[in-house]
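**Q** The structure that follows is given in the form of structure tokens.
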Amino acid sequence: MATVKRFEDLECWKNGRKICKKVNHIITHTPLPSDYKLKDQINGSSGSVMDNIAEGFGRFGNKEFVNFLTISVGSANECQSQLYRVLDREST
């Protein structure tokens with residue numbers, strides 16, 4: 001098995017990046033910009049997904065990397081919850 005040299009090669013980071021891009025699309029193509037707090041929260045949580053993966057990778061220790069991956073999962077869950085809030089507001 002090959003050793004990953006760059007965090008950009010990690011599939012989990014690539015998926016986090018996709019989440020960021022999709023959230024940005026939602027931010028720019030829905031009424032979300034008028035809700036500044038929710039917009040900032042969802043933008044921040046989506047960015048934290050990929051940022052925590054990158055930061056953990058840069059620590060060069062498996063225990064720390066796993067810890068940052070756990071934090072990243074929490075950010076993904078937070079982002080998902082915020083997306084439900086956007087969806088619920090769109091359906092009312």
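Residue numbering restarts at 1 in every chain; chains get A, B, ... in the order shown in the structure tokens, and ligands count up from 1 in that same order.
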May I have the residues within 10 Å of stretch 70-74 of chain A as a list in words, using only C-alpha atoms and disregarding those fewer than 4 positions away in the same chain?
**A**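 Residues near the query, excluding close chain neighbours: Cys12, Trp13, Gly16, Ser45, Ser46, Gly47, Ser48, Val49, Met50, Asp51, Asn52, Ile53, Ala54, Gly56, Glu64, Phe65, Val66, Glu78, Cys79 and Gln80 of chain A.
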**Q** Atom CA of A:Lys39 and atom CA of A:Phe57, how far apart in Å?
**A**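 Here the two named atoms are 27.7 Å from each other.
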**Q** For a quick check of understanding, using only C-alpha atoms, which of A:Gln41, A:His25, A:Lys18, A:Asp9 has the smallest distance to A:Arg85?
**A**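 Ranked by minimum distance to A:Arg85, first place goes to A:Gln41.
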**Q** State, in Å with one decimal place, the distance from atom CA of A:Pro33 to atom CA of A:Val86.
**A**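 Going from atom CA of A:Pro33 over to atom CA of A:Val86, I get 11.0 Å.
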**Q** Hey, which of A:Asn24, A:Ser34, A:Asn43, A:Thr3 ends up closest to A:Gln82? Count only C-alpha atoms.
**A**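 Of A:Asn24, A:Ser34, A:Asn43, A:Thr3, the one nearest A:Gln82 is A:Asn43, counting only C-alpha atoms.
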**Q** Figure out the distance between atom CA of A:Phe68 and atom CA of A:Ser81, please, to one decimal in Å.
**A**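 Atom-to-atom, atom CA of A:Ser81 to atom CA of A:Phe68, that is 19.9 Å.
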